[in-house]
file entry_10.txt (compact mmCIF, C-alpha atoms and all ligand atoms)
# COMPACT_ATOMS: atom_id res chain seq x y z
CA MET A 1 9.33 166.26 77.47
CA ALA A 2 11.77 163.41 76.87
CA LEU A 3 14.92 164.22 74.90
CA LEU A 4 14.45 161.04 72.90
CA ASP A 5 11.14 159.32 72.42
CA ILE A 6 11.09 156.05 70.54
CA LYS A 7 7.39 155.60 69.95
CA ASP A 8 6.13 152.11 69.30
CA ILE A 9 8.38 151.40 66.32
CA ASP A 10 8.58 148.36 64.07
CA VAL A 11 11.76 147.82 62.09
CA SER A 12 11.97 145.50 59.08
CA TYR A 13 14.83 144.23 56.96
CA GLY A 14 13.16 143.76 53.61
CA LYS A 15 10.03 141.77 54.36
CA GLN A 16 11.37 140.45 57.64
CA LEU A 17 9.80 142.21 60.61
CA THR A 18 12.70 142.29 63.08
CA VAL A 19 11.84 144.73 65.86
CA LYS A 20 8.24 144.99 67.04
CA ASP A 21 6.37 147.55 69.13
CA CYS A 22 9.47 149.09 70.65
CA SER A 23 9.05 152.15 72.90
CA ILE A 24 11.82 153.79 74.92
CA GLU A 25 11.76 157.24 76.48
CA LEU A 26 14.96 158.92 77.57
CA GLY A 27 15.07 162.10 79.61
CA GLU A 28 17.90 164.63 79.69
CA GLY A 29 20.99 163.42 81.54
CA ARG A 30 19.60 159.92 81.90
CA ILE A 31 21.37 156.68 81.07
CA CYS A 32 19.48 153.73 79.62
CA SER A 33 21.04 150.30 79.16
CA VAL A 34 19.66 147.92 76.58
CA VAL A 35 20.43 144.30 77.36
CA GLY A 36 19.35 140.99 75.84
CA GLU A 37 20.70 137.99 74.05
CA SER A 38 22.43 138.04 70.69
CA GLY A 39 20.02 138.70 67.82
CA SER A 40 17.34 140.25 70.02
CA GLY A 41 17.42 143.51 68.04
CA LYS A 42 19.51 145.85 70.20
CA THR A 43 21.77 147.12 67.42
CA THR A 44 18.78 147.43 65.10
CA VAL A 45 17.08 149.83 67.52
CA ILE A 46 20.23 151.97 67.94
CA ARG A 47 20.78 152.12 64.19
CA ALA A 48 17.15 153.04 63.61
CA VAL A 49 17.57 156.03 65.93
CA LEU A 50 20.70 157.12 64.06
CA GLY A 51 19.12 156.69 60.64
CA LEU A 52 21.89 154.20 59.88
CA LEU A 53 20.01 150.97 59.21
CA PRO A 54 21.90 148.84 56.72
CA GLY A 55 20.47 148.22 53.24
CA GLY A 56 16.84 147.12 53.28
CA GLY A 57 16.34 148.16 56.90
CA LYS A 58 13.41 150.48 57.53
CA VAL A 59 11.26 151.79 60.34
CA THR A 60 7.80 150.65 59.24
CA LYS A 61 5.69 151.82 62.16
CA GLY A 62 5.80 154.44 64.88
CA ASP A 63 8.06 157.46 65.23
CA ILE A 64 11.41 158.46 66.70
CA VAL A 65 11.32 161.95 68.14
CA TYR A 66 14.45 163.78 69.23
CA ASP A 67 14.15 167.14 70.97
CA GLY A 68 10.63 167.57 69.63
CA ARG A 69 11.31 166.63 66.02
CA SER A 70 10.96 163.37 64.13
CA LEU A 71 14.22 161.78 62.99
CA LEU A 72 12.54 159.54 60.47
CA ASN A 73 12.54 161.82 57.47
CA LEU A 74 15.67 163.90 57.82
CA ASN A 75 17.68 164.47 54.68
CA LYS A 76 21.44 163.93 54.40
CA LYS A 77 22.27 167.52 55.17
CA GLU A 78 20.13 167.56 58.30
CA TRP A 79 21.75 164.32 59.49
CA ARG A 80 25.25 165.69 58.89
CA ALA A 81 24.47 168.64 61.12
CA LEU A 82 23.04 166.46 63.88
CA ARG A 83 25.30 163.39 63.88
CA GLY A 84 28.61 163.89 65.61
CA HIS A 85 27.30 167.15 67.05
CA ASP A 86 24.03 166.85 68.98
CA ILE A 87 23.93 163.09 68.62
CA SER A 88 27.07 160.98 68.81
CA MET A 89 27.69 157.30 68.56
CA ILE A 90 30.29 154.81 69.66
CA PHE A 91 30.48 151.30 68.29
CA GLN A 92 32.19 148.17 69.46
CA ASP A 93 35.28 148.90 67.44
CA SER A 94 35.48 152.58 66.60
CA GLY A 95 38.93 151.93 65.17
CA ALA A 96 37.49 149.86 62.36
CA MET A 97 35.29 152.81 61.35
CA MET A 98 38.28 155.11 60.99
CA ASN A 99 40.03 155.65 57.72
CA GLN A 100 43.06 153.37 58.03
CA THR A 101 45.11 155.26 55.47
CA ARG A 102 44.93 158.65 57.15
CA LEU A 103 46.53 159.99 60.28
CA ILE A 104 44.17 160.11 63.25
CA GLY A 105 44.81 163.86 63.41
CA ALA A 106 43.78 164.37 59.78
CA SER A 107 40.53 162.43 60.27
CA PHE A 108 39.79 164.19 63.53
CA ALA A 109 40.47 167.64 62.06
CA GLU A 110 38.27 166.87 59.07
CA CYS A 111 35.46 165.79 61.35
CA ILE A 112 35.80 169.07 63.29
CA ARG A 113 35.78 171.05 60.05
CA THR A 114 32.44 169.57 58.99
CA HIS A 115 30.93 171.28 62.04
CA GLU A 116 33.04 174.41 62.36
CA ASN A 117 34.34 176.92 59.90
CA THR A 118 37.93 176.77 61.09
CA SER A 119 41.43 176.33 59.66
CA LYS A 120 43.06 172.90 59.43
CA ALA A 121 45.67 173.96 61.96
CA ASP A 122 43.07 175.13 64.49
CA ALA A 123 40.98 172.00 63.97
CA TRP A 124 44.08 169.88 64.58
CA LYS A 125 44.80 171.81 67.77
CA LYS A 126 41.25 171.35 68.97
CA GLY A 127 41.49 167.61 68.29
CA ALA A 128 44.68 167.29 70.32
CA GLU A 129 43.09 169.27 73.16
CA MET A 130 40.12 166.95 73.13
CA LEU A 131 42.38 163.89 73.45
CA SER A 132 44.17 165.51 76.32
CA ARG A 133 40.89 166.45 78.01
CA MET A 134 39.90 162.80 77.74
CA ARG A 135 43.18 162.04 79.52
CA LEU A 136 44.80 160.22 76.65
CA PRO A 137 48.57 160.28 77.08
CA ASP A 138 50.74 162.08 74.52
CA PRO A 139 47.98 163.53 72.28
CA GLU A 140 50.36 164.80 69.60
CA ARG A 141 51.82 161.34 69.12
CA ILE A 142 48.30 159.93 68.77
CA MET A 143 47.33 162.64 66.28
CA HIS A 144 50.39 161.68 64.20
CA SER A 145 49.55 157.96 64.25
CA TYR A 146 47.57 155.82 61.87
CA PRO A 147 44.70 153.89 63.47
CA PHE A 148 46.53 150.55 63.06
CA GLN A 149 49.46 151.89 65.07
CA LEU A 150 47.36 152.17 68.23
CA SER A 151 46.06 149.41 70.45
CA GLY A 152 42.37 148.51 70.21
CA GLY A 153 41.68 150.15 73.55
CA MET A 154 43.46 153.35 72.54
CA ARG A 155 41.57 153.47 69.26
CA GLN A 156 38.33 153.06 71.13
CA ARG A 157 39.23 155.88 73.50
CA VAL A 158 40.15 158.10 70.54
CA GLY A 159 36.82 157.25 68.92
CA ILE A 160 35.04 158.23 72.09
CA ALA A 161 37.01 161.48 72.37
CA MET A 162 35.93 162.28 68.81
CA GLY A 163 32.34 161.48 69.66
CA MET A 164 32.49 163.74 72.67
CA THR A 165 34.05 166.80 71.04
CA TYR A 166 30.78 168.68 70.85
CA GLN A 167 29.41 167.49 74.16
CA PRO A 168 26.54 165.72 72.47
CA LYS A 169 23.12 165.88 74.04
CA LEU A 170 22.63 162.25 73.16
CA LEU A 171 25.20 159.48 72.99
CA LEU A 172 24.35 156.08 71.52
CA ALA A 173 26.85 153.39 72.36
CA ASP A 174 26.67 149.86 70.96
CA GLU A 175 28.82 147.53 73.06
CA PRO A 176 31.56 150.12 73.43
CA THR A 177 33.54 148.09 75.93
CA SER A 178 33.06 144.47 74.97
CA ALA A 179 36.27 144.13 72.95
CA LEU A 180 38.42 145.58 75.74
CA ASP A 181 40.28 144.41 78.80
CA VAL A 182 38.78 145.21 82.19
CA THR A 183 41.01 148.21 82.92
CA THR A 184 40.26 149.90 79.61
CA GLN A 185 36.60 148.97 80.02
CA ALA A 186 36.53 150.78 83.34
CA GLN A 187 38.19 153.88 81.85
CA ILE A 188 35.60 154.05 79.12
CA VAL A 189 32.67 153.51 81.45
CA ARG A 190 34.01 156.34 83.60
CA GLN A 191 34.54 158.56 80.56
CA MET A 192 30.89 158.14 79.61
CA MET A 193 29.70 158.81 83.15
CA THR A 194 31.80 162.00 83.23
CA LEU A 195 30.13 163.17 80.06
CA ARG A 196 26.75 162.68 81.66
CA ASP A 197 27.73 164.28 84.95
CA GLU A 198 29.52 167.30 83.46
CA TYR A 199 27.44 168.01 80.38
CA GLY A 200 24.13 166.33 81.08
CA THR A 201 24.46 164.04 78.09
CA SER A 202 21.77 161.37 77.81
CA ILE A 203 23.12 157.95 76.96
CA ILE A 204 21.75 154.72 75.54
CA ILE A 205 24.25 151.94 75.99
CA VAL A 206 23.77 148.51 74.48
CA THR A 207 25.75 145.96 76.43
CA HIS A 208 26.02 142.26 77.04
CA ASP A 209 27.58 143.07 80.35
CA ILE A 210 24.97 143.28 83.09
CA GLY A 211 27.73 144.60 85.38
CA VAL A 212 28.20 147.63 83.12
CA ALA A 213 24.43 148.10 82.93
CA ALA A 214 24.13 147.86 86.70
CA TYR A 215 26.88 150.40 87.22
CA MET A 216 25.82 152.97 84.65
CA ALA A 217 22.13 152.82 84.01
CA ASP A 218 19.20 154.68 85.52
CA HIS A 219 16.86 152.67 83.34
CA VAL A 220 17.23 149.16 81.92
CA VAL A 221 15.50 147.75 78.84
CA VAL A 222 15.49 143.99 78.31
CA MET A 223 15.00 142.83 74.72
CA LYS A 224 14.07 139.38 73.50
CA ASP A 225 13.24 138.23 69.96
CA GLY A 226 12.81 141.78 68.66
CA ARG A 227 10.48 142.88 71.42
CA ILE A 228 10.92 144.68 74.69
CA GLU A 229 10.42 141.97 77.24
CA ASP A 230 10.79 144.14 80.30
CA GLN A 231 11.91 147.66 81.24
CA GLY A 232 12.07 149.82 84.29
CA ASP A 233 14.41 151.57 86.66
CA ARG A 234 17.67 149.85 87.34
CA ASP A 235 16.97 148.68 90.84
CA HIS A 236 13.61 147.29 89.86
CA ILE A 237 14.90 145.35 86.84
CA LEU A 238 18.02 144.03 88.54
CA ASN A 239 16.56 143.17 91.91
CA HIS A 240 12.79 143.05 91.85
CA SER A 241 11.57 142.18 88.38
CA GLU A 242 8.85 139.61 88.25
CA ASN A 243 9.61 138.84 84.64
CA GLU A 244 10.90 135.29 84.35
CA TYR A 245 13.19 136.05 81.40
CA THR A 246 14.77 139.06 83.12
CA ARG A 247 15.41 137.03 86.22
CA ARG A 248 17.09 134.26 84.26
CA LEU A 249 19.21 136.74 82.32
CA ILE A 250 20.45 138.31 85.53
CA ALA A 251 20.90 135.02 87.34
CA ALA A 252 23.16 133.93 84.47
CA VAL A 253 25.67 136.59 85.48
CA PRO A 254 27.58 135.30 88.47
CA SER A 255 29.74 138.41 88.80
CA LEU A 256 26.86 140.85 89.17
CA GLY A 257 27.64 143.22 91.96
CA GLY A 258 31.12 141.79 92.27
CA LYS A 259 32.55 143.94 89.50
CA ARG A 260 33.90 147.37 90.23
CA TYR A 261 34.12 150.21 87.80
CA VAL A 262 35.51 152.94 89.99
N1 LIG B 1 21.39 143.98 57.57
C1 LIG B 1 20.54 143.02 57.97
N2 LIG B 1 19.74 142.38 57.10
C2 LIG B 1 18.87 141.44 57.50
N3 LIG B 1 18.72 141.05 58.78
C3 LIG B 1 19.48 141.65 59.69
C4 LIG B 1 20.43 142.67 59.35
N4 LIG B 1 21.05 143.06 60.50
C5 LIG B 1 20.51 142.32 61.48
N5 LIG B 1 19.56 141.48 61.02
C6 LIG B 1 18.75 140.54 61.83
O1 LIG B 1 18.03 141.27 62.80
C7 LIG B 1 17.99 140.57 64.03
C8 LIG B 1 18.48 141.47 65.15
O2 LIG B 1 19.85 141.76 64.93
P1 LIG B 1 20.64 142.81 65.82
O3 LIG B 1 21.97 143.00 65.18
O4 LIG B 1 19.81 144.02 66.02
O5 LIG B 1 20.76 142.01 67.19
P2 LIG B 1 21.60 142.36 68.51
O6 LIG B 1 20.65 142.26 69.65
O7 LIG B 1 22.33 143.63 68.32
O8 LIG B 1 22.61 141.12 68.59
P3 LIG B 1 24.14 141.07 69.14
O9 LIG B 1 24.03 141.04 70.63
O10 LIG B 1 24.66 139.79 68.59
O11 LIG B 1 24.86 142.26 68.63
C9 LIG B 1 18.82 139.30 63.83
O12 LIG B 1 17.95 138.25 63.58
C10 LIG B 1 19.65 139.61 62.61
O13 LIG B 1 19.91 138.43 61.89
MG MG B 2 24.38 144.11 68.27
call {"tool": "encode", "arguments": {"input": "entry_10.txt", "output": "structure tokens", "more": "lines below"}}
Ligand SMILES: Nc1ncnc2c1ncn2[C@@H]1O[C@H](COP(=O)(O)OP(=O)(O)OP(=O)(O)O)[C@@H](O)[C@H]1O
Ligand SMILES: [Mg+2]
result
Amino acid sequence: MALLDIKDIDVSYGKQLTVKDCSIELGEGRICSVVGESGSGKTTVIRAVLGLLPGGGKVTKGDIVYDGRSLLNLNKKEWRALRGHDISMIFQDSGAMMNQTRLIGASFAECIRTHENTSKADAWKKGAEMLSRMRLPDPERIMHSYPFQLSGGMRQRVGIAMGMTYQPKLLLADEPTSALDVTTQAQIVRQMMTLRDEYGTSIIIVTHDIGVAAYMADHVVVMKDGRIEDQGDRDHILNHSENEYTRRLIAAVPSLGGKRYV
């Protein structure tokens, strides 16, 4: 049984049908990349899985099944238990999602305390350990910083460390590297791969960067105008797809294969 089974969903914003007939299956420890031009519906699919569609957004057909249970009708309490624990997410700019007026350590400890009955001091310690395990330099200094005092890349890495605290079974990442320089990009790609290799985390990563998709993914999904245009295993999609759109998308990336992430 797949860990995540997106079954033929439609997603609408108000009356506007935005994503149509979308099906993606993700097994344990597998990495799926979703690629496609701007506006094709990639973020909409990720948000639908997380139950985080913005106002007016709704899954109007199909089902999303995680570990044998539908995610479509969970209540707030059930989501709180699942999100950040079994299922984690990383966005393009995790820093922007953080509370700017609180120390990173205070936010991190609070997040830990929603999942564990533990003292503030112990939660703080666990947070610092997590940063150090993710190889962030000088964790205590980071814990005592406000988000705006860190670089964008640092903030992103802190966001990822937070998302990885509970070794989620499923990680959903929406363009986690696109705002970063190549070196930081590579660190983050490696960090995600480590999570998969060490803990068997399944990952869906939305990316504009076919190089990242080529490096990370077992399975690639190509979206166009709210539909899945093409999907299959990485080698097939990148090298042997007969789909005209897929071929053009890949041909438009001159650096494919030339980029190195390790
Ligand atoms: N909150 C919203 N209300 C109404 N329409 C929306 C909303 N969010 C997105 N859309 C529309 O849904 C479509 C898909 O958007 P989505 O953000 O999923 O695309 P995307 O593939 O993630 O694009 P990008 O690569 O630019 O991030 C677009 O036409 C967009 O205008
Ligand atoms: Mg998007």
call {"tool": "residues_near_ligand", "arguments": {"input": "entry_10.txt", "ligand": "ligand LIG 1 (chain B)", "cutoff": "10 Å", "atoms": "all atoms listed in the file", "output": "VMD selection string"}}
result
chain A and resid 11 to 19 34 to 48 53 to 57 92 174 to 175 206 to 208 223 to 226
call {"tool": "closest_residue", "arguments": {"input": "entry_10.txt", "among": "A:Ala213, A:Ile142, A:Ala106, A:Ala173", "to": "ligand MG 2 (chain B)", "atoms": "all atoms listed in the file"}}
result
A:Ala173
call {"tool": "atom_distance", "arguments": {"input": "entry_10.txt", "atom1": "CA of Ala96 in chain A", "atom2": "CA of Arg135 in chain A"}}
result
21.8 Å
call {"tool": "atom_distance", "arguments": {"input": "entry_10.txt", "atom1": "CA of Tyr166 in chain A", "atom2": "CA of Val221 in chain A"}}
result
27.1 Å
call {"tool": "residues_around", "arguments": {"input": "entry_10.txt", "residues": "Lys20 in chain A", "least_positions_apart": "2", "cutoff": "6 Å", "atoms": "only C-alpha atoms", "output": "ChimeraX atom specification"}}
result
/A:10,22,226-227
call {"tool": "atom_distance", "arguments": {"input": "entry_10.txt", "atom1": "CA of Lys58 in chain A", "atom2": "CA of Leu72 in chain A"}}
result
9.6 Å
call {"tool": "closest_residue", "arguments": {"input": "entry_10.txt", "among": "A:Leu82, A:Leu103, A:Met192, A:Ile203", "to": "Gln149 in chain A", "atoms": "all atoms listed in the file"}}
result
A:Leu103
call {"tool": "closest_residue", "arguments": {"input": "entry_10.txt", "among": "A:Arg248, A:Glu78, A:Ile205, A:Ile6", "to": "ligand MG 2 (chain B)", "atoms": "only C-alpha atoms and all ligand atoms"}}
result
A:Ile205
